[in-house]
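**Student:** Sending over a structure as structure tokens; questions will come in a sec.
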Amino acid sequence: MEKKSFCGWTRWVHLYLSMFSFAALFFFAFTGITLNHPSWTENRQKVETLKGNVDPGWIAGTDTASVEKSRILEYVRDQHKVRGNLTEFRISESECTVAFDGPGYTAYGMIDRTTGTYELVASSAGLIAAMNDLHKGSYTGIKWNAIIDITAAFLIVVSLTGFIMIFFMTKKRTKGLWVAGLGAVTFIMLCLLFV
């Protein structure tokens, strides 16, 4: 590949990949700041108690196999708009324990196997907390984790193509490489300082 066409290709990839991934990069940069300042989201948690009854036939019986887990979950989600992934469903002789977790959200509680009555405590921590959980990949599942990986790959390519472009700027190359080297050494020293 000729030097001129490689330079053009590098610039094209850098420009359009930067523009394509702008919103994702901005999101991760912004939530990096909000994660660093947890006090900004303190005391914003909304807690509510969700009560109801499931059909006693769904939880009757002496063995755990008699519990109709999917019907119970569907019912609770429909009745109370419970969101998040199911992270726990334990069955004992007298009760079932359930927990749902999602970005900025938790709901947990118990179902009495004798009567079918249940009580869940649902906590919603607000938009910033939900975005922070998305940033960390907490309770998000495999699809969102793939988005994090793809965004990170885009950022690597954008960084590398930006760095490569300095080699085609003859008047600014030396200064640019010195600044890049100084930045790299500074960052490594900061990392070692806090490890």
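Chain labels A, B, ... are given in the sequence in which chains occur in the structure tokens; within each chain residues are numbered consecutively from 1, and ligands are likewise numbered from 1 in the order shown.
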Can you pull out every residue within 8 Å of stretch 150-156 of chain A, counting only C-alpha atoms, but drop anything in the same chain fewer than 2 positions away, and send it as a list of chain:residue names?

**Tutor:** A:Leu17, A:Ser18, A:Ser21, A:Ala24, A:Leu25, A:Ala146, A:Ile147, A:Ile148, A:Val158, A:Ser159, A:Leu160

**Student:** With only C-alpha atoms as the counted atoms, please give the residues lying no more than 8 Å from stretch 129-143 of chain A, apart from itself and same-chain residues fewer than 4 positions off, as a list in words.

**Tutor:**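 Here the answer would be Phe28, Thr31, Gly32, Thr34, Leu35, Thr41, Gly84, Asn85, Asp101, Gly102, Pro103, Gly104, Tyr105, Ala125, Ile147 and Ile148 of chain A.
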
**Student:** Got a sec: who's within 12 Å of A:Arg77, counting only C-alpha atoms, leaving out chain neighbours fewer than 3 positions off, as a PyMOL selection string?

**Tutor:** chain A and resi 50+52+54+70-74+80-86+98-100+107+120+122

**Student:** Could you state the separation of atom CA of A:Met19 and atom CA of A:Arg173 in Å, given to one decimal place?

**Tutor:**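 So the two atoms, atom CA of A:Met19 and atom CA of A:Arg173, lie 24.4 Å apart.
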
**Student:** Identify, with DSSP run on backbone atoms, the residues in stretch 94-175 of chain A assigned to helix (DSSP H, G or I), and express the list as a VMD selection string.

**Tutor:** chain A and resid 127 to 136 142 to 168 173 to 175

**Student:** For those residues, write C-alpha atoms to a file as a PDB file, in the first residue's frame.

**Tutor:**
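Now in selection.pdb:
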```
ATOM      1  CA  LEU A 127     -31.016   7.537  35.786  1.00  0.00           C
ATOM      2  CA  ILE A 128     -27.403   8.322  36.761  1.00  0.00           C
ATOM      3  CA  ALA A 129     -27.127   5.132  38.842  1.00  0.00           C
ATOM      4  CA  ALA A 130     -28.606   3.123  35.958  1.00  0.00           C
ATOM      5  CA  MET A 131     -26.072   4.674  33.541  1.00  0.00           C
ATOM      6  CA  ASN A 132     -23.251   3.902  36.000  1.00  0.00           C
ATOM      7  CA  ASP A 133     -24.352   0.259  36.120  1.00  0.00           C
ATOM      8  CA  LEU A 134     -24.414   0.186  32.303  1.00  0.00           C
ATOM      9  CA  HIS A 135     -20.866   1.570  32.288  1.00  0.00           C
ATOM     10  CA  LYS A 136     -19.711  -1.226  34.621  1.00  0.00           C
ATOM     11  CA  ILE A 142     -24.243 -10.769  27.632  1.00  0.00           C
ATOM     12  CA  LYS A 143     -25.665  -8.464  24.915  1.00  0.00           C
ATOM     13  CA  TRP A 144     -24.773  -5.254  26.743  1.00  0.00           C
ATOM     14  CA  ASN A 145     -21.349  -6.674  27.640  1.00  0.00           C
ATOM     15  CA  ALA A 146     -20.785  -7.190  23.902  1.00  0.00           C
ATOM     16  CA  ILE A 147     -21.640  -3.504  23.325  1.00  0.00           C
ATOM     17  CA  ILE A 148     -19.020  -2.531  25.929  1.00  0.00           C
ATOM     18  CA  ASP A 149     -16.417  -4.705  24.166  1.00  0.00           C
ATOM     19  CA  ILE A 150     -17.286  -3.286  20.723  1.00  0.00           C
ATOM     20  CA  THR A 151     -17.091   0.288  22.048  1.00  0.00           C
ATOM     21  CA  ALA A 152     -13.698  -0.470  23.611  1.00  0.00           C
ATOM     22  CA  ALA A 153     -12.484  -1.926  20.288  1.00  0.00           C
ATOM     23  CA  PHE A 154     -13.664   1.227  18.469  1.00  0.00           C
ATOM     24  CA  LEU A 155     -11.796   3.383  20.978  1.00  0.00           C
ATOM     25  CA  ILE A 156      -8.615   1.346  20.437  1.00  0.00           C
ATOM     26  CA  VAL A 157      -8.872   1.757  16.653  1.00  0.00           C
ATOM     27  CA  VAL A 158      -9.646   5.490  16.945  1.00  0.00           C
ATOM     28  CA  SER A 159      -6.654   5.936  19.283  1.00  0.00           C
ATOM     29  CA  LEU A 160      -4.267   3.976  17.062  1.00  0.00           C
ATOM     30  CA  THR A 161      -5.346   5.687  13.830  1.00  0.00           C
ATOM     31  CA  GLY A 162      -5.016   9.073  15.541  1.00  0.00           C
ATOM     32  CA  PHE A 163      -1.507   8.132  16.672  1.00  0.00           C
ATOM     33  CA  ILE A 164      -0.552   6.816  13.211  1.00  0.00           C
ATOM     34  CA  MET A 165      -1.680  10.092  11.615  1.00  0.00           C
ATOM     35  CA  ILE A 166       1.114  12.029  13.386  1.00  0.00           C
ATOM     36  CA  PHE A 167       3.668  10.167  11.261  1.00  0.00           C
ATOM     37  CA  PHE A 168       2.247  11.810   8.137  1.00  0.00           C
ATOM     38  CA  ARG A 173       5.727  14.784  13.987  1.00  0.00           C
ATOM     39  CA  THR A 174       8.597  15.374  16.452  1.00  0.00           C
ATOM     40  CA  LYS A 175       6.571  17.565  18.813  1.00  0.00           C
TER      41      LYS A 175
END
```

**Student:** When you draw a straight line from atom CA of A:Pro56 to atom CA of A:Asp112, how long is it in Å?

**Tutor:**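 The value is 9.0 Å.
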
**Student:** Under the rule that only C-alpha atoms are counted, which of A:Met189, A:Ile33, A:Val47, A:Ile111 is the nearest residue to A:Val67?

**Tutor:**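 With only C-alpha atoms as the atom set, the closest residue is A:Ile111.
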
**Student:** Do you know which residues are at most 12 Å from A:Gly61 counting only C-alpha atoms, after dropping those on the same chain fewer than 2 positions away, and could you put them as a list in words?

**Tutor:**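 Near A:Gly61, the qualifying residues are Pro56, Gly57, Trp58, Ile59, Asp63, Thr64, Ala65, Ser66, Val67, Glu68, Ile91, Ser92, Glu93, Ser94, Glu95, Arg113 and Thr114 of chain A.
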
**Student:** A:Thr97: which residues within 6 Å, counting only C-alpha atoms, same-chain residues fewer than 2 positions away excluded, as a tab-separated table (two decimals) with C-alpha atoms, in the first residue's frame?

**Tutor:**
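Result written to result.tsv:
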```tsv
chain	number	residue	atom	x	y	z
A	89	PHE	CA	-35.08	-18.02	42.88
A	90	ARG	CA	-34.72	-20.26	45.91
A	109	GLY	CA	-38.72	-10.65	48.46
A	110	MET	CA	-40.48	-13.83	49.50
```

**Student:** If you run DSSP on this backbone, which residues of stretch 86-180 of chain A come out as strand (DSSP E or B), and could you give them as a count of residues only?

**Tutor:** 30
